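run-v4.tsv (TSV, C-alpha atoms) appears below.
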chain	number	residue	atom	x	y	z
A	80	MET	CA	-16.97	109.92	-35.27
A	81	ALA	CA	-13.30	110.33	-36.09
A	82	THR	CA	-10.91	107.54	-35.23
A	83	VAL	CA	-8.21	108.43	-32.69
A	84	VAL	CA	-4.90	107.18	-34.08
A	85	HIS	CA	-2.12	106.39	-31.62
A	86	ASP	CA	0.76	106.50	-34.11
A	87	PHE	CA	4.20	105.10	-33.33
A	88	ASP	CA	6.55	105.59	-36.28
A	89	TRP	CA	9.92	103.85	-35.67
A	90	PRO	CA	9.24	103.43	-31.93
A	91	ASP	CA	12.06	102.88	-29.45
A	92	ARG	CA	10.42	99.59	-28.49
A	93	LEU	CA	7.61	97.33	-29.66
A	94	VAL	CA	7.02	94.06	-27.78
A	95	VAL	CA	4.49	91.49	-26.77
A	96	GLY	CA	4.83	90.65	-23.09
A	97	THR	CA	2.88	89.09	-20.27
A	98	VAL	CA	1.89	89.68	-16.69
A	99	GLY	CA	1.07	86.81	-14.34
A	100	PRO	CA	2.01	83.15	-13.93
A	101	PRO	CA	1.66	80.56	-16.73
A	102	GLY	CA	-1.96	79.56	-17.12
A	103	HIS	CA	-3.11	82.97	-15.90
A	104	ARG	CA	-1.01	85.28	-18.04
A	105	ALA	CA	-2.38	88.49	-19.48
A	106	PHE	CA	-0.84	89.37	-22.86
A	107	TYR	CA	-0.05	92.92	-23.95
A	108	LEU	CA	1.21	94.59	-27.09
A	109	GLN	CA	3.29	97.53	-25.94
A	110	ALA	CA	4.84	100.41	-27.87
A	111	ARG	CA	7.20	103.02	-26.44
A	112	ASP	CA	8.60	106.13	-28.04
A	113	GLY	CA	10.59	108.27	-25.61
A	114	GLU	CA	8.34	108.93	-22.64
A	115	ARG	CA	5.19	107.94	-24.53
A	116	LEU	CA	4.03	104.41	-23.65
A	117	MET	CA	0.95	102.52	-24.80
A	118	SER	CA	-0.22	99.03	-23.88
A	119	VAL	CA	-3.16	97.18	-25.41
A	120	GLY	CA	-4.46	93.84	-24.18
A	121	LEU	CA	-4.62	90.87	-26.50
A	122	GLU	CA	-5.10	87.13	-26.38
A	123	LYS	CA	-2.32	84.55	-26.52
A	124	GLU	CA	-3.72	83.28	-29.83
A	125	GLN	CA	-3.72	86.79	-31.30
A	126	SER	CA	-0.06	87.11	-30.31
A	127	ALA	CA	0.82	83.81	-32.00
A	128	VAL	CA	-1.08	84.68	-35.18
A	129	LEU	CA	0.54	88.12	-35.31
A	130	ALA	CA	4.03	86.57	-35.15
A	131	ASP	CA	3.15	83.99	-37.83
A	132	ARG	CA	1.54	86.48	-40.22
A	133	LEU	CA	4.37	88.95	-39.74
A	134	ASP	CA	6.94	86.33	-40.74
A	135	GLU	CA	4.77	85.27	-43.69
A	136	LEU	CA	4.57	88.89	-44.88
A	137	LEU	CA	8.33	89.33	-44.57
A	138	ASP	CA	8.96	86.02	-46.39
A	139	GLU	CA	6.66	87.11	-49.24
A	140	LEU	CA	8.45	90.46	-49.50
A	141	MET	CA	11.84	88.73	-49.40
A	142	ALA	CA	10.82	86.48	-52.32
A	143	MET	CA	9.35	89.34	-54.37
A	144	ASP	CA	11.26	90.22	-57.55
A	145	GLY	CA	12.50	93.79	-57.57
A	146	ASN	CA	11.83	94.44	-53.90
A	147	PRO	CA	14.31	97.18	-52.97
A	148	ALA	CA	14.12	96.48	-49.21
A	149	SER	CA	16.73	94.19	-47.74
A	150	ILE	CA	14.54	91.75	-45.81
A	151	PRO	CA	16.49	89.55	-43.35
A	152	ALA	CA	15.58	85.85	-43.30
A	153	THR	CA	16.02	85.70	-39.51
A	154	ALA	CA	16.10	88.14	-36.62
A	155	PRO	CA	19.30	90.22	-36.91
A	156	ASP	CA	21.86	89.99	-34.11
A	157	GLY	CA	21.77	92.87	-31.64
A	158	LEU	CA	18.03	93.49	-31.87
A	159	GLU	CA	17.02	90.99	-29.18
A	160	ASP	CA	14.77	92.28	-26.43
A	161	HIS	CA	14.26	90.01	-23.42
A	162	ALA	CA	13.26	92.73	-20.96
A	163	PRO	CA	9.86	92.70	-19.24
A	164	LEU	CA	7.10	95.08	-20.23
A	165	ASP	CA	7.68	98.72	-19.33
A	166	GLU	CA	5.82	100.06	-16.30
A	167	PRO	CA	3.19	101.25	-15.76
A	168	ILE	CA	1.11	98.75	-17.73
A	169	GLU	CA	-2.20	100.51	-18.29
A	170	GLU	CA	-4.42	98.81	-20.86
A	171	GLN	CA	-5.66	101.42	-23.33
A	172	PHE	CA	-8.07	98.93	-24.89
A	173	ARG	CA	-8.58	95.22	-25.61
A	174	VAL	CA	-7.61	94.25	-29.17
A	175	GLY	CA	-10.39	92.93	-31.37
A	176	LEU	CA	-8.98	93.23	-34.88
A	177	MET	CA	-5.41	93.46	-36.12
A	178	THR	CA	-4.14	94.29	-39.57
A	179	LEU	CA	-0.71	94.07	-41.16
A	180	GLY	CA	0.57	96.11	-44.03
A	181	TRP	CA	3.66	97.15	-45.92
A	182	ASP	CA	4.68	100.72	-46.69
A	183	PRO	CA	7.03	100.51	-49.69
A	184	SER	CA	7.85	104.23	-49.49
A	185	THR	CA	9.58	103.75	-46.11
A	186	ALA	CA	10.24	99.97	-46.23
A	187	GLN	CA	8.33	99.55	-42.98
A	188	VAL	CA	5.85	96.99	-41.72
A	189	VAL	CA	2.63	98.58	-40.46
A	190	ILE	CA	0.79	96.91	-37.59
A	191	GLU	CA	-2.63	98.18	-36.60
A	192	ALA	CA	-4.55	97.06	-33.51
A	193	HIS	CA	-8.22	98.01	-33.26
A	194	PRO	CA	-10.28	97.65	-30.06
A	195	LEU	CA	-13.20	95.44	-29.32
A	196	VAL	CA	-16.33	97.58	-29.61
A	197	GLU	CA	-19.93	97.35	-28.50
A	198	ILE	CA	-22.24	96.98	-31.46
A	199	GLU	CA	-25.37	99.15	-31.21
A	200	GLY	CA	-28.33	97.20	-29.90
A	201	ASP	CA	-26.18	94.20	-28.94
A	202	PRO	CA	-24.63	93.88	-25.46
A	203	ALA	CA	-21.82	91.71	-26.87
A	204	VAL	CA	-18.37	93.15	-27.36
A	205	MET	CA	-16.74	92.14	-30.64
A	206	PRO	CA	-14.27	93.36	-33.25
A	207	ALA	CA	-15.58	96.23	-35.34
A	208	PRO	CA	-16.92	94.86	-38.62
A	209	ASP	CA	-14.86	97.46	-40.46
A	210	PRO	CA	-11.59	99.00	-39.22
A	211	GLU	CA	-12.97	102.38	-40.31
A	212	ASP	CA	-15.58	102.00	-37.54
A	213	SER	CA	-12.94	101.72	-34.79
A	214	PRO	CA	-13.07	104.50	-32.20
A	215	GLU	CA	-9.27	104.31	-31.91
A	216	VAL	CA	-6.33	102.41	-33.34
A	217	LEU	CA	-2.76	101.69	-32.29
A	218	GLN	CA	-0.69	102.07	-35.47
A	219	VAL	CA	2.97	101.08	-35.37
A	220	ARG	CA	5.52	101.29	-38.20
A	221	ILE	CA	8.73	99.31	-37.78
A	222	PRO	CA	11.68	98.44	-40.02
A	223	VAL	CA	12.03	94.88	-41.31
A	224	GLY	CA	14.85	93.82	-38.96
A	225	ALA	CA	12.86	95.00	-35.95
A	226	ALA	CA	9.83	93.15	-37.34
A	227	ARG	CA	11.78	89.86	-37.47
A	228	SER	CA	13.03	90.39	-33.92
A	229	PHE	CA	9.51	91.29	-32.73
A	230	SER	CA	8.16	88.10	-34.28
A	231	LYS	CA	10.89	85.95	-32.68
A	232	ARG	CA	10.32	87.41	-29.21
A	233	THR	CA	6.55	87.05	-29.56
A	234	ARG	CA	6.92	83.33	-30.35
A	235	GLU	CA	9.19	82.86	-27.34
A	236	ILE	CA	6.66	84.63	-25.09
A	237	VAL	CA	3.76	82.51	-26.41
A	238	LEU	CA	5.72	79.27	-25.96
A	239	GLY	CA	6.93	80.32	-22.50
A	240	GLY	CA	3.69	79.31	-20.80
A	241	ARG	CA	2.53	75.96	-19.53
A	242	PRO	CA	3.99	72.79	-21.08
A	243	PHE	CA	1.71	70.75	-23.34
A	244	CYS	CA	0.64	67.15	-22.80
A	245	PRO	CA	2.31	65.02	-25.50
A	246	LEU	CA	-0.86	62.92	-25.89
A	247	CYS	CA	-3.72	65.43	-26.09
A	248	LEU	CA	-1.72	68.63	-26.69
A	249	GLU	CA	-3.65	70.46	-23.96
A	250	PRO	CA	-1.73	72.63	-21.47
A	251	ILE	CA	-0.64	71.01	-18.23
A	252	ASP	CA	-1.39	73.06	-15.13
A	253	PRO	CA	1.11	73.12	-12.24
A	254	GLU	CA	-1.33	71.08	-10.14
A	255	GLY	CA	-1.63	68.41	-12.86
A	256	HIS	CA	-3.67	67.46	-15.92
A	257	ARG	CA	-6.57	65.12	-16.71
A	258	CYS	CA	-5.66	63.78	-20.13
A	259	PRO	CA	-8.71	62.79	-22.21
A	260	GLN	CA	-6.52	60.37	-24.16
A	261	ILE	CA	-5.85	58.17	-21.13
A	262	GLY	CA	-8.63	59.38	-18.81
A	263	GLU	CA	-6.28	59.83	-15.89
A	264	PHE	CA	-4.84	62.65	-13.88
A	265	GLU	CA	-1.12	63.10	-14.54

Show me the file's structure as structure tokens.
Amino acid sequence: MATVVHDFDWPDRLVVGTVGPPGHRAFYLQARDGERLMSVGLEKEQSAVLADRLDELLDELMAMDGNPASIPATAPDGLEDHAPLDEPIEEQFRVGLMTLGWDPSTAQVVIEAHPLVEIEGDPAVMPAPDPEDSPEVLQVRIPVGAARSFSKRTREIVLGGRPFCPLCLEPIDPEGHRCPQIGEFE
């Protein structure tokens, strides 16, 4: 079976955003190019890891001798995006596996999101053991400045949820929190 590739090369917009109140937020990776819009669902942790790994990749490239790309150390001014997700938000698939790459021929970061898949003979849904086995993939290529801005926004979105208890580091719900460190409801 051939993999369906949803390719966004230099999209107009690439963001991680959420729907719902803190504690019940649904996270989405969304790409838009003109009228074409694609949203894939992902976990908060996947969003955080994506931002971290993206910055690590850019830092490695920045430190590389002879790298012809001008990699910014921080998100460039003017590339901020604080707008909500574009409507309609229709989840194409739930992300199981993500990969990051670098295309030196275009000086672009390549982000691929592969769906969770059902493994034959097993009712569980899990990431495909090999990206080549994915039925479809969201593939996005973005320049390095946009990648830094994407990473910064993603961190802000992840941290924009519930506050954390300073003792146990668990999230505090609006109705309160039972801290295992003190055994009481705060």

### Query
With distances taken over only C-alpha atoms, which of A:Ala110, A:Cys244, A:Ala226, A:Ile190 is nearest to A:Pro90?
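Using only C-alpha atoms, A:Pro90 sits closest to A:Ala110.
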
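All protein, DNA and RNA residues at most 7 Å from (6.4, 88.2, -26.9) are Val94, Val95, Gly96, Arg232, Thr233, Arg234, Glu235, Ile236 and Val237 of chain A, using all atoms listed in the file.
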
Could the centre and edge lengths of an axis-aligned box, enclosing all atoms of stretch 234-241 of chain A in the file with 4 Å extra on each side, be given in Å to one decimal as lines of an AutoDock Vina configuration file?
center_x = 5.9
center_y = 80.3
center_z = -24.9
size_x = 14.7
size_y = 16.7
size_z = 18.8

Give me, as CSV, the closest atom pair and its distance (Å, one decimal) for every residue of stretch 168-203 of chain A within a cut-off of 12 Å of stretch 111-127 of chain A, counting only C-alpha atoms, rows sorted by chain and rising number.
residue,atom,partner,partner_atom,distance
A:Ile168,CA,A:Ser118,CA,6.3
A:Glu169,CA,A:Ser118,CA,6.1
A:Glu170,CA,A:Val119,CA,5.0
A:Gln171,CA,A:Val119,CA,5.3
A:Phe172,CA,A:Val119,CA,5.2
A:Arg173,CA,A:Gly120,CA,4.6
A:Val174,CA,A:Leu121,CA,5.2
A:Gly175,CA,A:Leu121,CA,7.8
A:Leu176,CA,A:Gln125,CA,9.1
A:Met177,CA,A:Gln125,CA,8.4
A:Thr178,CA,A:Gln125,CA,11.2
A:Glu191,CA,A:Val119,CA,11.2
A:Ala192,CA,A:Val119,CA,8.2
A:His193,CA,A:Val119,CA,9.4
A:Pro194,CA,A:Val119,CA,8.5
A:Leu195,CA,A:Leu121,CA,10.1

### For atom CA of A:Pro163 and atom CA of A:Ala130, the interatomic separation in Å (one decimal)
18.0 Å

### Message
One decimal, in Å: what's the spacing between atom CA of A:Asp131 and atom CA of A:Lys231?
### Response
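These two atoms are separated by 9.5 Å.
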
### Shell of 8 Å around A:Ala225, all atoms listed in the file, local chain residues under 4 positions omitted, as a PyMOL selection string
chain A and resi 154+158+221+229

### Message
Would you pick out the contacts of stretch 253-259 of chain A at 12 Å or less, using all atoms listed in the file, so that residues sharing its chain but fewer than 5 positions from it are not included, and give the list as a PyMOL selection string?
### Response
chain A and resi 100-103+240-248+264-265

### Message
Just to confirm, what's the straight-line distance from atom CA of A:Glu135 to atom CA of A:Leu108 in Å (one decimal)?
### Response
19.4 Å

### Message
Could you check the closest approach to A:Ser149 for each of A:Val84, A:Phe106, A:Val223, A:Gln218 and tell me which residue wins, using only C-alpha atoms?
### Response
A:Val223

### Query
Nearest to A:Ala162 among A:Val188, A:Leu217, A:Val196, A:Leu93, with distances taken over all atoms listed in the file: which residue is it?
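Between A:Val188, A:Leu217, A:Val196, A:Leu93, the residue approaching A:Ala162 most closely is A:Leu93.
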
### Query
Which is closer to A:Arg220 than all the others in A:Leu238, A:Glu159, A:Val128, A:His85, using all atoms listed in the file?
A:His85

Export all heavy atoms of stretch 81-92 of chain A from the structure just given, as a tab-separated table (two decimals), in the first residue's frame?
chain	number	residue	atom	x	y	z
A	81	ALA	N	0.60	2.16	-0.88
A	81	ALA	CA	1.38	3.39	-0.97
A	81	ALA	C	0.97	4.36	0.13
A	81	ALA	O	-0.20	4.46	0.49
A	81	ALA	CB	1.17	4.04	-2.33
A	82	THR	N	1.95	5.07	0.65
A	82	THR	CA	1.70	6.06	1.68
A	82	THR	C	1.18	7.34	1.04
A	82	THR	O	1.75	7.83	0.06
A	82	THR	CB	3.00	6.37	2.45
A	82	THR	OG1	3.48	5.17	3.05
A	82	THR	CG2	2.79	7.41	3.52
A	83	VAL	N	0.10	7.89	1.58
A	83	VAL	CA	-0.43	9.17	1.12
A	83	VAL	C	0.36	10.26	1.85
A	83	VAL	O	0.39	10.30	3.08
A	83	VAL	CB	-1.93	9.30	1.44
A	83	VAL	CG1	-2.45	10.69	1.07
A	83	VAL	CG2	-2.72	8.21	0.74
A	84	VAL	N	1.01	11.13	1.08
A	84	VAL	CA	1.83	12.19	1.66
A	84	VAL	C	1.09	13.52	1.52
A	84	VAL	O	0.77	13.95	0.42
A	84	VAL	CB	3.22	12.28	0.98
A	84	VAL	CG1	4.04	13.41	1.58
A	84	VAL	CG2	3.96	10.95	1.08
A	85	HIS	N	0.81	14.13	2.67
A	85	HIS	CA	0.21	15.46	2.70
A	85	HIS	C	1.39	16.43	2.86
A	85	HIS	O	1.88	16.65	3.96
A	85	HIS	CB	-0.76	15.60	3.88
A	85	HIS	CG	-1.82	14.55	3.91
A	85	HIS	ND1	-2.95	14.62	3.13
A	85	HIS	CD2	-1.91	13.38	4.61
A	85	HIS	CE1	-3.70	13.56	3.35
A	85	HIS	NE2	-3.10	12.79	4.25
A	86	ASP	N	1.86	16.97	1.75
A	86	ASP	CA	3.09	17.75	1.72
A	86	ASP	C	2.80	19.24	1.79
A	86	ASP	O	2.00	19.77	1.01
A	86	ASP	CB	3.86	17.42	0.43
A	86	ASP	CG	5.24	18.02	0.41
A	86	ASP	OD1	5.87	18.12	1.47
A	86	ASP	OD2	5.70	18.40	-0.70
A	87	PHE	N	3.44	19.90	2.75
A	87	PHE	CA	3.35	21.35	2.89
A	87	PHE	C	4.77	21.88	2.83
A	87	PHE	O	5.54	21.75	3.78
A	87	PHE	CB	2.70	21.74	4.23
A	87	PHE	CG	1.22	21.50	4.28
A	87	PHE	CD1	0.71	20.23	4.53
A	87	PHE	CD2	0.33	22.55	4.07
A	87	PHE	CE1	-0.65	20.02	4.59
A	87	PHE	CE2	-1.04	22.34	4.13
A	87	PHE	CZ	-1.53	21.06	4.38
A	88	ASP	N	5.15	22.45	1.69
A	88	ASP	CA	6.48	23.00	1.50
A	88	ASP	C	6.39	24.52	1.63
A	88	ASP	O	5.71	25.17	0.84
A	88	ASP	CB	6.99	22.60	0.12
A	88	ASP	CG	8.47	22.88	-0.07
A	88	ASP	OD1	9.15	23.22	0.92
A	88	ASP	OD2	8.95	22.75	-1.21
A	89	TRP	N	7.04	25.08	2.65
A	89	TRP	CA	6.97	26.51	2.97
A	89	TRP	C	5.51	26.92	3.17
A	89	TRP	O	5.00	27.80	2.47
A	89	TRP	CB	7.61	27.37	1.88
A	89	TRP	CG	9.07	27.25	1.76
A	89	TRP	CD1	9.76	26.20	1.25
A	89	TRP	CD2	10.06	28.20	2.16
A	89	TRP	NE1	11.10	26.43	1.31
A	89	TRP	CE2	11.32	27.67	1.86
A	89	TRP	CE3	9.99	29.46	2.75
A	89	TRP	CZ2	12.50	28.34	2.13
A	89	TRP	CZ3	11.16	30.12	3.01
A	89	TRP	CH2	12.41	29.57	2.69
A	90	PRO	N	4.80	26.30	4.11
A	90	PRO	CA	3.38	26.65	4.31
A	90	PRO	C	3.22	28.09	4.80
A	90	PRO	O	4.14	28.68	5.34
A	90	PRO	CB	2.93	25.66	5.38
A	90	PRO	CG	4.17	25.35	6.15
A	90	PRO	CD	5.28	25.37	5.13
A	91	ASP	N	2.02	28.61	4.60
A	91	ASP	CA	1.70	29.95	5.10
A	91	ASP	C	1.71	29.96	6.63
A	91	ASP	O	2.04	30.97	7.25
A	91	ASP	CB	0.31	30.39	4.63
A	91	ASP	CG	0.22	30.51	3.13
A	91	ASP	OD1	1.25	30.78	2.48
A	91	ASP	OD2	-0.90	30.33	2.59
A	92	ARG	N	1.36	28.81	7.22
A	92	ARG	CA	1.28	28.74	8.68
A	92	ARG	C	1.49	27.30	9.13
A	92	ARG	O	0.96	26.37	8.54
A	92	ARG	CB	-0.10	29.23	9.13
A	92	ARG	CG	-0.25	29.35	10.63
A	92	ARG	CD	-1.58	29.99	10.98
A	92	ARG	NE	-1.58	30.38	12.39
A	92	ARG	CZ	-2.58	30.18	13.20
A	92	ARG	NH1	-3.71	29.63	12.77
A	92	ARG	NH2	-2.49	30.55	14.47
